[in-house]
Each structure stands twice: as C-alpha cells, then as structure tokens.
4 protein chains.
Amino acid sequence: MPFKTIGLIGKPAHEGANKSLNAILDFLRIKGCRIIVETKVSDRLNGNGFEIAELEDIGKQADLAIVVGGDGNMLGAARILAKHDVAVVGVNRGNLGFLTDINPDDFEHQLECIFNGECVKEQRFILQVEVYRKGQLQSTNSAINEVVLHHEKVAHMMEFEVYIDDNFVFSQRSDGLIVATPTGSTAYSLSGGGPILTPNLDALTLVPMFPHTLSSRPIVVDANSIIKSKISFDNTANLQVSCDSHIALTVEPGDEIYIKKNQDRLSLIHPKDYNYFNVLRTKLGWGSKLY
Amino acid sequence: MPFKTIGLIGKPAHEGANKSLNAILDFLRIKGCRIIVETKVSDRLNGNGFEIAELEDIGKQADLAIVVGGDGNMLGAARILAKHDVAVVGVNRGNLGFLTDINPDDFEHQLECIFNGECVKEQRFILQVEVYRKGQLQSTNSAINEVVLHHEKVAHMMEFEVYIDDNFVFSQRSDGLIVATPTGSTAYSLSGGGPILTPNLDALTLVPMFPHTLSSRPIVVDANSIIKSKISFDNTANLQVSCDSHIALTVEPGDEIYIKKNQDRLSLIHPKDYNYFNVLRTKLGWGSKLY
Amino acid sequence: MPFKTIGLIGKPAHEGANKSLNAILDFLRIKGCRIIVETKVSDRLNGNGFEIAELEDIGKQADLAIVVGGDGNMLGAARILAKHDVAVVGVNRGNLGFLTDINPDDFEHQLECIFNGECVKEQRFILQVEVYRKGQLQSTNSAINEVVLHHEKVAHMMEFEVYIDDNFVFSQRSDGLIVATPTGSTAYSLSGGGPILTPNLDALTLVPMFPHTLSSRPIVVDANSIIKSKISFDNTANLQVSCDSHIALTVEPGDEIYIKKNQDRLSLIHPKDYNYFNVLRTKLGWGSKLY
Amino acid sequence: MPFKTIGLIGKPAHEGANKSLNAILDFLRIKGCRIIVETKVSDRLNGNGFEIAELEDIGKQADLAIVVGGDGNMLGAARILAKHDVAVVGVNRGNLGFLTDINPDDFEHQLECIFNGECVKEQRFILQVEVYRKGQLQSTNSAINEVVLHHEKVAHMMEFEVYIDDNFVFSQRSDGLIVATPTGSTAYSLSGGGPILTPNLDALTLVPMFPHTLSSRPIVVDANSIIKSKISFDNTANLQVSCDSHIALTVEPGDEIYIKKNQDRLSLIHPKDYNYFNVLRTKLGWGSKLY
C-alpha cells in the first residue's frame, strides 16, 4: 500500500462535506492508516483514532492528503501542500470540480482503487509571484490557478507595462491582467475570454481584463518565461495582485511584479478512469459522441 | 559568406514587388552569388546573370530563398521550400508582414547584415493534414499557418467529432474548425477569436468557427498531439479541408481527418534587430513603452 | 373561433414530423376546419378531408398556418407566408425551436387554447435585400433571421464598405458581414459573437465575420435604417448574399447591396404561457431562479 | 445669439485644460456673454469679468455649459447638468473624446459656429439607479454611460437574478453586470464585449462581467424597460452599484436594484460637421473609405 499516513482536509461547517469526512474517516480506520485531520474540521469528526494538525504539518507528514470540498477548498489546501512531498486527491462537495474529481457517493470504490495503486498521477506546475518596490522584494506568494493584477476597485482602469523574459511586450490600460496556468485556464481566465490549455502543456496564458485597446488579445507563452509587469507611476491609487482570489498582495505605483514558475509542483491523484476531456466536456456542456 | 546560391521569389505582376526584385537582383550580382529566379517572375527581371527554375528546384539548390511580397506569397513559397534545406527570408511588399519582415526601403543594409551572419535564425514547425476515406489515405498536404475544416458553403453548419491522441474531446455543430500553429495564431485564427501563441511554443490551437454551442472555446494543445476529426455521416453535402486558404482538399461525410506536425520545418531568417513582440505590438496597435 | 382555414406545413420525410402532422390533421378534422396541406408533405398524410396546395396559396387562403419541424422549416415557410395575411404557429420537431414553441407531445391542449383565442400574438419584422449592379436592381429577396454578405468560399477575405442611411461607417476586410433581426439575433449572429436583441426591439445588429481589424465590433442600429454595402472592385472572385442560409444571391465586385425592413411582417402565434426569456434561458443554459 | 449665459467647467490642475479655459474665457468676454466659472477651476483663470459658482448653480443659470477635459470630466459634469435646462458642449483635453468633440486647437471657429446656431443638437437619455433594502429606497443616483453592479473586490464572484419588466431573465454567478446606454456602449461596456448602440437607439445593453456560465451573452433591450436585479442572500460580503465609475452605492445581500430611464435628458451640442460614425471609426481604427 503506497499511502500510509493520510491527511484529511475539508470545508468546515458544510453538512455534505462533514458527512463525507466522517465516512472517509471510517474507511481509513478500517484500512489501518495513520490519520491526521486538519484542525479546523476536527471538531466535526466523530470518534477518535486520529491526530489533529495544521495544514502545513499534514503536508510534512502525510503521503496522501484527501481534500473534501469544492475547487476553492482544493486551491487553498494545494497552495500549502505543494511545498511538501505529498499526493493530493479531491472529493467533490462543491460546485465545479475540475480538481475534485472523486464523486462522494462512490468514494469507497475509488479510494480503494487509489490505495491499490490503480490511479492516475499527475504533476501540475504552480506560479510564484513577487512584488518588488524600489528594487526590494516586498511580498511573495504562490498560485495554483492564476495570478491577477488589478485595481483595488472594480471597473477602475490601471496602467502597466508587460515584459516577457525582459522583452517589452505591451503597455496597457485595462482593469488588470490575468496570468493563468493550464490548471487555472478553466477557471477565472476562461470567464474572461482566455483559451483552455490542456494540463500537460508547459505554458501560461496572459488575459487582459476589460482592455481599453480593443485589439488586445490573450497570449499563450512558454511556462518557463518570466513575466514582469511594471506598474505605471500614473496610477492614482493602490493596486493588488491576487493569487487564486484567496490572497491579495498590495501593489503601489512604480512597483515591479514578477510572475514565474514556482519550483514546487502539485502532485494530483485521479481515479484510474479519469479523463480530462470528459471532465471538460461535461462541465462546459460540449457535444458528446455522435454514434 | 554562409549563403552562396540564392533563390529569388516574388509576387508576379505587382509593381512594388518587381521593383524590389530587380533591386535585390542587382545587389546579389554585386555579391557574386549564384542566382536562381522563380519562373513566374523571371520575365519581370532585367538583364541577365541568373538562372530560372520552379520553386521546387529553388528549394533543392538554394541556400537562401528571398521572397518578395506579402504573407500570402511567403506562405505559398514556404509550404514548398520547407521540404528542403533552405533558409527563407521575406521582403515585405504586401499588407501585413508577420513573416516578411525586411523593409523594402532598407533591404540592402538588412541583407548585408544577413550575408554577414548578423541575423536571427528560427525554425517554425508546420502541419500535415491527411484525409482518410474508408481507411484509405485520400489526400494530404501541409500548412504553415492553419488547417481549416469547413463546409464548402459559408454559413452552413457541419457536424464532426474531435479526438486528441485518440481521446474523444467533443462533437460539434459549427461552420468548422481552425487548427493553427503559433505562426498561424496571428492570422485567420486570431480573427476567429483564437489566442496568440508565441513562436517558440510547441503548441497548436483549435478554434471553433461559429459554434452552435455557445460554451465552445479555443483550446491549446501540445503540438505533438495527433488531432483527428471524424466527419459525421449526417452532413448533407461535401466539406473541405483548407491549408493556409491556398489549398482545398475535398472531404465527404464519414471521412477522418488527421492533423499533426509535419516532419519538415521552415527555416526563417530575420534581420538581427528582429523582435517578435515589436512586430505584434505594431501590427495590432498595442500600447508602447510608457516612459 | 378566429381560425377557420388552416394550412398544414411540414418537414417532409421526417418520421416525428409526419406523426405530428397526422395527429394535427385529426385534431383539425374534429374541429371542422377547412384544411389545406402543403403539397410536399401531402403524400404522408392519412385519410382525406383536406385540400392540397403550394405554400404561396396556403398564404393566400389560410387564417392560420401550422408549421411542423425545426426553426429551419419555419424560416423557409415564414419567408413566403409573411407576404400574406396569415398567422403562423410552430410545432417543434427539430433541434432548436426559438420559433417553433409548441411541444408536439402536448399540441392538442395548446392548439385548443389557441383556437379559443388564449394565445400571444406577435409581429416580427423581416428584412429585404436588394443587389444593384451598375445602378440596376439585379436581384432581391427577404430574410426572417439574417442577411449574410460573404465570399463564395469559406475563409476567404472580402473587402467592402458599409453605409448607414448614407453615412459612411467603415470599410472592412473580413469573411463577411451578418445583418440580423431580433428574431435572427439568437441564431447565426449569436454564434458569431453578436448580441441578443429582444423581439420587441426595433433594431438590427451588424456583426463582422472574422474581421481583419481586431477592433471591429457588433453594432446595433435602428431597424428603420437603410444599410448599404458597396463591394470593392478589388475582390478577386464572386461573392454572395445569403438570406437565412436558404437563398443565395450572386454578388460581383462593384455591386451595391441594400438591406432594409421589408414592408411585410410575420404574424407569430405563441401558446398563452409563452415567455421569450424562458425560451432563451432554457436554450442557452442560463441560471434559473435562485429561491 | 441663442446662448447668453455660459458656464465654464474644467479639469482642475491640468495644464492643457487651463490653457483652453483661459482662451475660451477670452473668447466669451469678446462675445459679451455672462460667464459663470465652476468654483474648482476658478483660481486658474486669469483676469476678471466672470462669476464663480458650483456646478449645480451653473446648471440652473447657464444656457450653455462648456466642459474642458476628457470624457471623464464630461460625465461628471453631465450627471449634474442633465437635471437642468442647459446645453452642454465638450472641448477635448483628455484621452478619448467620444463626448468632447471640439478640438482645442480650433475651438474658436467651432464655438463661433455654435454661437451662430450652426451646430447639431442631440438629446441623450440617462439612467436612474435605485437600491431598495427590505422594500425601502436606500439610495439613488444617475448615470450617463453605465450602471455597474459588482462585488467590492475584483475577481470575486457574486450571485444575482435579473428581471426585465418583472419577467425573470436569468440568475447569474459572475463578477457583475454592466447596464449601459448607447452613450456608454462605446466605453466600459465595449471593453467587456458589449455591442455598440448608435446614439439614436432607444435601447440598453446588459453585459455580464466574467460570467461563470460560458453561454452568457450581451442582451439589448428596450430603454423603457425596468431592469431589476435581486441580490442573492448567499453573497458573502458587500457589493456595490457604480454610476459611470464615479459614484458607488453600497449593496447588501437581499437588496433589489432598479435601473431605468431617468426623466432627465442630456442636451449635447456638437460642431456642425459632427458625425458619430467618423468619431467611432477614428477612435476604433476601423477602415476608411476605399476609393
């Protein structure tokens, strides 16, 4: 059995998620695994036979982390877990589920397969964003889906330059810029008109938000590029860089934002019958087989 | 001098192109190159001191082919030249000029640099399309920019399935499908809402044309994928596959279309100060440097 | 009873449509209506007690025309029927059904209501297109959904100017131009990125097809405007104007195309519970009520 | 002379605007007009011979208000001036200039024509937005360009229902919704993918912002419709309604937002050679006449 220490992570105060967490706990007890439950959901779990720890410590100790919730919960957990050598699998208790592909009604069979090694393992690269002010690193964070540079206020234009590997690409007046990974290309970036990048693609997409110049278009670049944005001094107020809509770093006029591949990778585990295009087709309502 | 035998290729019956062709001919005579002129423009060239040959033979014999015209002329020449070991450079006498980046007013200086080895060499991959009928290869061709599957008639819907590396992706009712290279991503695909792929990206984009399902979106996939389209038997009339809008292969209901990387590459030569993003920014009217 | 003479029109050689046609025929016999069946479906109808006529004559004689089929069948019939004083209702035996809103499984109840006057009556305006060559009217036709100006060949650019009420608006190099009514705004125009115009709006939308200039955008104008397109002499081949993708008029370089409101109106009858936004929301998969 | 009392309004602390304001002041002195200068720019104006007043009072007393600045300045002034019986004309000292169409380098000739009655007068309708909480009117304001409903934070989804004249249209999870007038259809709405509505059109466009459902599309509706948005109780934080990006009203989960035509109209004066399509074509870089 490849997975001995299992982390259990979830959406707190969500009835369906709690139900799944307890059922998975029972399953793991029978398996005889060492079980570590995330502190913030531990008071919803029945019985005993499990340790309690923060997400960071689960990352350090577990072989496998099971995240119960929606893609939002997965993103929050994955940003931390990706720093450690732990596989991650999602049980869907939310709306979308590009990342949480285990059906909660059938989790036993699917986890059984995964414990038997009948599963698909996948590495997803993630982003690192760094904010420099007058040449000094001001703040940094990571993103699974996307980094978004934007005004603090909606529908307020900002002005910035974009460089790729030190080549000047464009200056832009817009509501902001989305830089998305293939994983994030089916999330916010897609709503903003960005293309879908298949997960195996080593590429990023840059998608302008409400650009003033109507010929602005999404660009897809090598994921090993360093994307730099120089924030114009003419911006009249503070700006932000968001990671996965969870974390916001403050940006001031004149700052330089660097976005590049993080050295960490997210290790995702899928059920053995996982097929990216099936998920995509189902979620987006695309046409199924003709015959 | 790296280039000894030079092919001279052009847009026939175009005054500006003829002027440039003659001026380049003079330049090459002074250089002492062996010069081979494409048959269809040879009667516009003054004096002598050059051989005449078809494009295919220029590809076989020349070290460098100089194409004078617009991107359309370059595409036509490049589809043939890419089969051979010959570098290609374009002198712009057309509208757009993503591929023909030598300014005709300054060609002498730029060609001089190129002959001195002060230039940027670049390999662009190209596409191969194959039409299979009842399991038999029916026709095949190659494309620099894009392969377009479509109805013979505009504004008529067709129905087909798409597979990537034998994984079913979607079925679609639409006017057709564009499969574009990075080179082609700034051409027809862009007009149809496709993303821009930087030339160094080993990727393709699939862009639906007037899709009936409104959630259809451009997808970007690994360029080493094999794209297969199965044409529905329910299509009421003949269809086509176009290569760079120049070549049209007939497609019938029930056919299978394979689109993949061609083994040939196009060797492009650019002036030393060539910068892809400068070209892009200028052509699309994007914002220039702020300070 | 407001409707005494009923026309019965359908999709020939379609099993479901034939079944509905016969069932409606039975219903009408019981009602004691005078029944006129369109010639091309008459051999599929059982028994007797009905006259047979061409569509044009049904338009002249019937008070109500019942069209069984998809939106395509409705469009074909409506272009003819709109010339006459006849109400039209659709029974859906096709894919989409923006215009054919009677459910075939429940037609009796719905037709019963309509015969009792419990229905929604609506007038939809339609388009007139005229092709002028050297100042002479060359051909003309009408369209319920849209007029499309385009190259005979897919993915071939054409060049033209557009005037609105003799004001020059733009010249464009593109695959063509869609001019759609509110009725057509949920059809081809929508696939091409055009906006949805509610049926009560006295407006037209002009939607560019694969425009070369990336800042080209859909425009919505007063439906009482006269749209003129001057076809550039520089187009290298013949072009076309299509009406509802059914009728194609030949266009040559130098021609002038006029598009304006037709004096005829289409009189549509809907079931009394008809709600345009319900249809729209269902067809497009938009979100339903939250509580 | 139709205009006797002239209001002078401007962009404070902008060198070019100040220069134009002083030049116009000289022009008006020679004309012998009664001149009222907006308080906030009055200290930049040289000499005397003018009164000083707030915008609201200029609206009450002036026949003509001259706004010097960009479209942003015009919007700010026009929201106030539209309440009163005063014509408004713009002198462009900003970036865009859809509303400020007098060229500052040639203002004398153009104002001269306008004072001689050689000008184009136009009425533009404007929007009224009302926020209701538990059935009580909470706040209200007006907008020339657009009303935007959105989350306080960028890239955060909100949930709401939309009704048109009490007909339920859709529920939506998105970053928000833009409701734009024809005047606003070339501003923020256009950047978000909305259509251009010609100024004479009595219509509004509703444009979704980063909609979660990919089949969401811009809709164009009769401008006499009442647009209602019911804000879901499930939104986790406060939201906002913005008018022309200048004014923000706070919105809470459960609120109802009404957007409808304001009874006031904006009276715009243009130079006699004004042509909407010329402005549009120039601003958007569309193709000019072919011959």
# chains A, B, ... in the order shown; residues from 1 in each chain; ligands from 1

$ select_by_dssp --residues "stretch 109-138 of chain B" --states "strand (DSSP E or B)" --output "PyMOL selection string"
chain B and resi 119-133+136-138

$ write_last_selection --atoms "all heavy atoms" --output "compact mmCIF listing (two decimals), in the first residue's frame"
# COMPACT_ATOMS: atom_id res chain seq x y z
N CYS B 119 22.16 37.83 -38.04
CA CYS B 119 20.73 37.64 -38.23
C CYS B 119 20.20 36.66 -37.19
O CYS B 119 20.95 36.05 -36.45
CB CYS B 119 20.45 37.13 -39.64
SG CYS B 119 21.30 35.59 -40.02
N VAL B 120 18.89 36.56 -37.13
CA VAL B 120 18.23 35.64 -36.21
C VAL B 120 17.71 34.46 -37.02
O VAL B 120 16.96 34.67 -37.99
CB VAL B 120 17.06 36.35 -35.49
CG1 VAL B 120 16.34 35.39 -34.56
CG2 VAL B 120 17.56 37.58 -34.75
N LYS B 121 18.12 33.25 -36.68
CA LYS B 121 17.61 32.06 -37.37
C LYS B 121 16.56 31.40 -36.51
O LYS B 121 16.72 31.30 -35.29
CB LYS B 121 18.75 31.07 -37.65
CG LYS B 121 19.74 31.58 -38.65
CD LYS B 121 20.92 30.63 -38.82
CE LYS B 121 22.03 31.34 -39.60
NZ LYS B 121 23.23 30.50 -39.78
N GLU B 122 15.52 30.93 -37.13
CA GLU B 122 14.40 30.40 -36.37
C GLU B 122 13.79 29.24 -37.14
O GLU B 122 13.65 29.31 -38.36
CB GLU B 122 13.37 31.53 -36.21
CG GLU B 122 12.37 31.32 -35.14
CD GLU B 122 11.27 32.37 -35.24
OE1 GLU B 122 11.24 33.10 -36.25
OE2 GLU B 122 10.45 32.43 -34.33
N GLN B 123 13.42 28.19 -36.43
CA GLN B 123 12.74 27.06 -37.05
C GLN B 123 11.26 27.13 -36.67
O GLN B 123 10.94 27.18 -35.48
CB GLN B 123 13.32 25.75 -36.52
CG GLN B 123 14.78 25.53 -36.86
CD GLN B 123 14.97 24.68 -38.09
OE1 GLN B 123 14.29 23.68 -38.25
NE2 GLN B 123 15.87 25.09 -38.97
N ARG B 124 10.40 27.12 -37.64
CA ARG B 124 8.96 27.08 -37.35
C ARG B 124 8.42 25.72 -37.79
O ARG B 124 8.65 25.31 -38.94
CB ARG B 124 8.21 28.19 -38.13
CG ARG B 124 8.64 29.61 -37.77
CD ARG B 124 7.84 30.17 -36.62
NE ARG B 124 8.27 31.50 -36.26
CZ ARG B 124 7.59 32.62 -36.55
NH1 ARG B 124 6.45 32.54 -37.18
NH2 ARG B 124 8.04 33.80 -36.16
N PHE B 125 7.68 25.07 -36.89
CA PHE B 125 7.10 23.79 -37.31
C PHE B 125 5.88 24.03 -38.17
O PHE B 125 5.26 25.09 -38.11
CB PHE B 125 6.79 22.88 -36.11
CG PHE B 125 5.57 23.24 -35.32
CD1 PHE B 125 4.30 22.82 -35.72
CD2 PHE B 125 5.67 23.99 -34.16
CE1 PHE B 125 3.18 23.15 -34.99
CE2 PHE B 125 4.55 24.33 -33.42
CZ PHE B 125 3.30 23.91 -33.84
N ILE B 126 5.53 23.05 -38.98
CA ILE B 126 4.38 23.19 -39.87
C ILE B 126 3.47 21.97 -39.70
O ILE B 126 3.83 21.00 -39.02
CB ILE B 126 4.81 23.41 -41.33
CG1 ILE B 126 5.56 22.21 -41.88
CG2 ILE B 126 5.69 24.65 -41.43
CD1 ILE B 126 5.99 22.43 -43.34
N LEU B 127 2.30 22.04 -40.29
CA LEU B 127 1.30 20.98 -40.11
C LEU B 127 1.21 20.07 -41.33
O LEU B 127 1.46 20.48 -42.46
CB LEU B 127 -0.08 21.59 -39.85
CG LEU B 127 -0.24 22.35 -38.54
CD1 LEU B 127 -1.62 22.99 -38.45
CD2 LEU B 127 0.00 21.43 -37.34
N GLN B 128 0.80 18.85 -41.05
CA GLN B 128 0.48 17.87 -42.08
C GLN B 128 -0.98 17.51 -41.91
O GLN B 128 -1.42 17.24 -40.79
CB GLN B 128 1.36 16.62 -41.83
CG GLN B 128 1.16 15.48 -42.78
CD GLN B 128 1.83 15.73 -44.12
OE1 GLN B 128 2.67 16.64 -44.22
NE2 GLN B 128 1.46 14.98 -45.12
N VAL B 129 -1.74 17.54 -42.99
CA VAL B 129 -3.14 17.10 -42.88
C VAL B 129 -3.35 15.92 -43.83
O VAL B 129 -2.81 15.89 -44.94
CB VAL B 129 -4.13 18.25 -43.18
CG1 VAL B 129 -3.92 18.83 -44.56
CG2 VAL B 129 -5.56 17.78 -43.02
N GLU B 130 -4.08 14.92 -43.35
CA GLU B 130 -4.35 13.73 -44.15
C GLU B 130 -5.84 13.43 -44.09
O GLU B 130 -6.42 13.40 -43.02
CB GLU B 130 -3.57 12.53 -43.60
CG GLU B 130 -2.06 12.70 -43.73
CD GLU B 130 -1.27 11.68 -42.90
OE1 GLU B 130 -1.90 10.92 -42.13
OE2 GLU B 130 -0.04 11.67 -43.02
N VAL B 131 -6.43 13.21 -45.26
CA VAL B 131 -7.85 12.85 -45.34
C VAL B 131 -7.97 11.36 -45.63
O VAL B 131 -7.44 10.88 -46.64
CB VAL B 131 -8.56 13.65 -46.46
CG1 VAL B 131 -10.03 13.24 -46.56
CG2 VAL B 131 -8.43 15.14 -46.22
N TYR B 132 -8.62 10.63 -44.73
CA TYR B 132 -8.84 9.19 -44.91
C TYR B 132 -10.31 8.92 -45.22
O TYR B 132 -11.19 9.45 -44.54
CB TYR B 132 -8.45 8.42 -43.65
CG TYR B 132 -6.96 8.21 -43.53
CD1 TYR B 132 -6.14 9.21 -43.00
CD2 TYR B 132 -6.36 7.03 -43.96
CE1 TYR B 132 -4.77 9.03 -42.90
CE2 TYR B 132 -4.99 6.84 -43.86
CZ TYR B 132 -4.20 7.84 -43.34
OH TYR B 132 -2.84 7.67 -43.25
N ARG B 133 -10.54 8.10 -46.25
CA ARG B 133 -11.90 7.69 -46.59
C ARG B 133 -11.95 6.17 -46.52
O ARG B 133 -11.17 5.50 -47.20
CB ARG B 133 -12.26 8.19 -48.00
CG ARG B 133 -13.74 8.07 -48.36
CD ARG B 133 -14.07 9.01 -49.52
NE ARG B 133 -13.72 10.38 -49.18
CZ ARG B 133 -13.29 11.30 -50.04
NH1 ARG B 133 -13.18 11.01 -51.32
NH2 ARG B 133 -12.98 12.51 -49.62
N GLN B 136 -8.64 4.51 -46.17
CA GLN B 136 -7.60 4.74 -47.17
C GLN B 136 -7.22 6.22 -47.22
O GLN B 136 -8.10 7.07 -47.26
CB GLN B 136 -8.12 4.33 -48.57
CG GLN B 136 -8.53 2.88 -48.69
CD GLN B 136 -7.32 1.95 -48.58
OE1 GLN B 136 -6.28 2.19 -49.18
NE2 GLN B 136 -7.45 0.89 -47.77
N LEU B 137 -5.91 6.47 -47.28
CA LEU B 137 -5.46 7.85 -47.44
C LEU B 137 -5.93 8.40 -48.78
O LEU B 137 -5.66 7.81 -49.83
CB LEU B 137 -3.92 7.91 -47.37
CG LEU B 137 -3.33 9.32 -47.52
CD1 LEU B 137 -3.77 10.23 -46.39
CD2 LEU B 137 -1.80 9.25 -47.57
N GLN B 138 -6.67 9.48 -48.74
CA GLN B 138 -7.29 10.03 -49.94
C GLN B 138 -6.47 11.20 -50.48
O GLN B 138 -6.25 11.32 -51.68
CB GLN B 138 -8.69 10.52 -49.55
CG GLN B 138 -9.65 10.70 -50.69
CD GLN B 138 -10.03 9.37 -51.29
OE1 GLN B 138 -9.87 8.32 -50.69
NE2 GLN B 138 -10.50 9.40 -52.53

$ residues_around --residues "D:Glu38" --least-positions-apart "6" --cutoff "8 Å" --atoms "only C-alpha atoms" --output "list in words"
Gly7, Leu8, Ile9, Gly10, Ile52, Ala53, Glu54, Leu55 and Ile58 of chain D

$ write_last_selection --atoms "C-alpha atoms" --output "short mmCIF file (atom, residue, chain, number, x, y, z; two decimals), in the first residue's frame"
data_model
loop_
_atom_site.label_atom_id
_atom_site.label_comp_id
_atom_site.auth_asym_id
_atom_site.auth_seq_id
_atom_site.Cartn_x
_atom_site.Cartn_y
_atom_site.Cartn_z
CA GLY D 7 -20.86 78.08 -17.81
CA LEU D 8 -17.18 77.25 -17.94
CA ILE D 9 -16.24 73.88 -16.43
CA GLY D 10 -12.96 72.06 -16.45
CA ILE D 52 -17.97 81.85 -9.79
CA ALA D 53 -20.45 79.13 -8.92
CA GLU D 54 -20.84 75.44 -8.15
CA LEU D 55 -21.81 73.06 -10.96
CA ILE D 58 -24.25 76.72 -13.39
#

$ residues_around --residues "B:Asp85" --least-positions-apart "6" --cutoff "10 Å" --atoms "only C-alpha atoms" --output "ChimeraX atom specification"
/B:59-64,264-267

$ closest_atom_pairs --of "chain D" --to "chain C" --cutoff "9 Å" --atoms "only C-alpha atoms" --output "Markdown table"
| residue | atom | partner | partner_atom | distance |
| --- | --- | --- | --- | --- |
| D:Glu159 | CA | C:Leu290 | CA | 9.0 |
| D:Phe160 | CA | C:Leu290 | CA | 8.1 |
| D:Glu161 | CA | C:Lys289 | CA | 7.0 |
| D:Asn167 | CA | C:Phe277 | CA | 7.5 |
| D:Phe168 | CA | C:Phe277 | CA | 7.1 |
| D:Val169 | CA | C:Phe277 | CA | 5.3 |
| D:Phe170 | CA | C:Gly287 | CA | 5.3 |
| D:Ser171 | CA | C:Gly287 | CA | 4.6 |
| D:Gln172 | CA | C:Gly287 | CA | 5.8 |
| D:Arg173 | CA | C:Gly287 | CA | 8.3 |
| D:Leu190 | CA | C:Arg217 | CA | 8.5 |
| D:Gly193 | CA | C:Arg217 | CA | 8.4 |
| D:Gly194 | CA | C:Pro195 | CA | 7.5 |
| D:Pro195 | CA | C:Pro218 | CA | 5.1 |
| D:Ile196 | CA | C:Ile219 | CA | 4.6 |
| D:Leu197 | CA | C:Val220 | CA | 4.8 |
| D:Thr198 | CA | C:Val221 | CA | 5.7 |
| D:Pro199 | CA | C:Val221 | CA | 8.8 |
| D:Asn200 | CA | C:Asp222 | CA | 7.5 |
| D:Leu201 | CA | C:Asp222 | CA | 5.9 |
| D:Asp202 | CA | C:Asp222 | CA | 8.6 |
| D:Ala203 | CA | C:Leu201 | CA | 7.9 |
| D:Thr205 | CA | C:Pro195 | CA | 8.7 |
| D:Thr213 | CA | C:Trp286 | CA | 6.9 |
| D:Ser215 | CA | C:Leu284 | CA | 6.1 |
| D:Ser216 | CA | C:Trp286 | CA | 6.8 |
| D:Arg217 | CA | C:Pro195 | CA | 6.6 |
| D:Pro218 | CA | C:Pro195 | CA | 5.1 |
| D:Ile219 | CA | C:Ile196 | CA | 4.6 |
| D:Val220 | CA | C:Leu197 | CA | 4.8 |
| D:Val221 | CA | C:Thr198 | CA | 5.7 |
| D:Asp222 | CA | C:Leu201 | CA | 5.9 |
| D:Ser232 | CA | C:Leu290 | CA | 7.5 |
| D:Asn275 | CA | C:Asn167 | CA | 8.3 |
| D:Tyr276 | CA | C:Val169 | CA | 8.9 |
| D:Phe277 | CA | C:Val169 | CA | 5.3 |
| D:Asn278 | CA | C:Val169 | CA | 7.1 |
| D:Leu280 | CA | C:Val169 | CA | 8.3 |
| D:Arg281 | CA | C:Phe170 | CA | 6.5 |
| D:Leu284 | CA | C:Ser215 | CA | 6.1 |
| D:Gly285 | CA | C:Ser215 | CA | 7.0 |
| D:Trp286 | CA | C:Phe170 | CA | 6.0 |
| D:Gly287 | CA | C:Ser171 | CA | 4.6 |
| D:Ser288 | CA | C:Ser171 | CA | 5.6 |
| D:Lys289 | CA | C:Ser171 | CA | 6.0 |
| D:Leu290 | CA | C:Ser171 | CA | 6.8 |
| D:Tyr291 | CA | C:Ser232 | CA | 8.8 |

$ residues_around --residues "A:Ile114" --least-positions-apart "5" --cutoff "8 Å" --atoms "only C-alpha atoms" --output "list in words"
Cys119, Ile269, His270, Pro271 and Lys272 of chain A

$ atom_distance --atom1 "atom CA of C:Ala143" --atom2 "atom CA of C:Asp57"
19.7 Å

$ decode --residues "stretch 93-102 of chain B" --atoms "all heavy atoms" --output "tab-separated table (two decimals), in the first residue's frame"
chain	number	residue	atom	x	y	z
B	93	ARG	N	6.18	43.35	-49.33
B	93	ARG	CA	5.51	44.16	-50.34
B	93	ARG	C	4.01	43.87	-50.31
B	93	ARG	O	3.36	43.81	-51.35
B	93	ARG	CB	6.09	43.83	-51.73
B	93	ARG	CG	7.40	44.54	-52.01
B	93	ARG	CD	7.18	46.04	-52.12
B	93	ARG	NE	8.36	46.75	-52.65
B	93	ARG	CZ	8.37	48.05	-52.89
B	93	ARG	NH1	7.30	48.79	-52.64
B	93	ARG	NH2	9.44	48.63	-53.35
B	94	GLY	N	3.53	43.65	-49.11
B	94	GLY	CA	2.10	43.33	-49.00
B	94	GLY	C	1.49	44.11	-47.86
B	94	GLY	O	1.98	45.15	-47.46
B	95	ASN	N	0.40	43.59	-47.31
B	95	ASN	CA	-0.34	44.30	-46.29
B	95	ASN	C	0.18	44.08	-44.88
B	95	ASN	O	0.43	45.02	-44.16
B	95	ASN	CB	-1.81	43.82	-46.29
B	95	ASN	CG	-2.64	44.67	-47.23
B	95	ASN	OD1	-2.42	45.87	-47.32
B	95	ASN	ND2	-3.54	44.04	-47.94
B	96	LEU	N	0.33	42.82	-44.52
B	96	LEU	CA	0.53	42.53	-43.12
B	96	LEU	C	1.99	42.44	-42.74
B	96	LEU	O	2.55	43.35	-42.16
B	96	LEU	CB	-0.18	41.23	-42.76
B	96	LEU	CG	-1.37	41.36	-41.83
B	96	LEU	CD1	-1.91	40.01	-41.48
B	96	LEU	CD2	-1.00	42.12	-40.54
B	97	GLY	N	2.62	41.33	-43.08
B	97	GLY	CA	4.05	41.23	-42.84
B	97	GLY	C	4.46	40.68	-41.49
B	97	GLY	O	5.37	41.20	-40.85
B	98	PHE	N	3.78	39.61	-41.00
B	98	PHE	CA	4.31	38.93	-39.82
B	98	PHE	C	5.50	38.07	-40.22
B	98	PHE	O	6.39	37.82	-39.44
B	98	PHE	CB	3.24	38.02	-39.18
B	98	PHE	CG	2.38	38.72	-38.17
B	98	PHE	CD1	1.10	39.11	-38.47
B	98	PHE	CD2	2.87	38.99	-36.90
B	98	PHE	CE1	0.31	39.78	-37.54
B	98	PHE	CE2	2.09	39.64	-35.96
B	98	PHE	CZ	0.81	40.04	-36.28
B	99	LEU	N	5.48	37.60	-41.47
B	99	LEU	CA	6.54	36.70	-41.94
B	99	LEU	C	7.54	37.41	-42.83
B	99	LEU	O	8.66	36.94	-43.00
B	99	LEU	CB	5.91	35.53	-42.72
B	99	LEU	CG	5.09	34.55	-41.88
B	99	LEU	CD1	4.38	33.55	-42.78
B	99	LEU	CD2	6.00	33.83	-40.88
B	100	THR	N	7.14	38.52	-43.41
B	100	THR	CA	8.02	39.23	-44.35
B	100	THR	C	8.51	40.48	-43.66
B	100	THR	O	7.93	41.55	-43.77
B	100	THR	CB	7.22	39.60	-45.62
B	100	THR	OG1	6.04	40.30	-45.21
B	100	THR	CG2	6.82	38.37	-46.40
B	101	ASP	N	9.60	40.35	-42.90
B	101	ASP	CA	9.93	41.46	-42.02
B	101	ASP	C	11.05	42.37	-42.51
B	101	ASP	O	11.48	43.27	-41.79
B	101	ASP	CB	10.17	40.98	-40.59
B	101	ASP	CG	10.86	39.67	-40.51
B	101	ASP	OD1	11.68	39.37	-41.40
B	101	ASP	OD2	10.62	38.92	-39.58
B	102	ILE	N	11.53	42.17	-43.73
B	102	ILE	CA	12.51	43.13	-44.25
B	102	ILE	C	11.77	44.26	-44.96
B	102	ILE	O	10.93	44.03	-45.82
B	102	ILE	CB	13.52	42.44	-45.20
B	102	ILE	CG1	14.45	41.56	-44.35
B	102	ILE	CG2	14.32	43.47	-45.99
B	102	ILE	CD1	15.63	41.01	-45.11
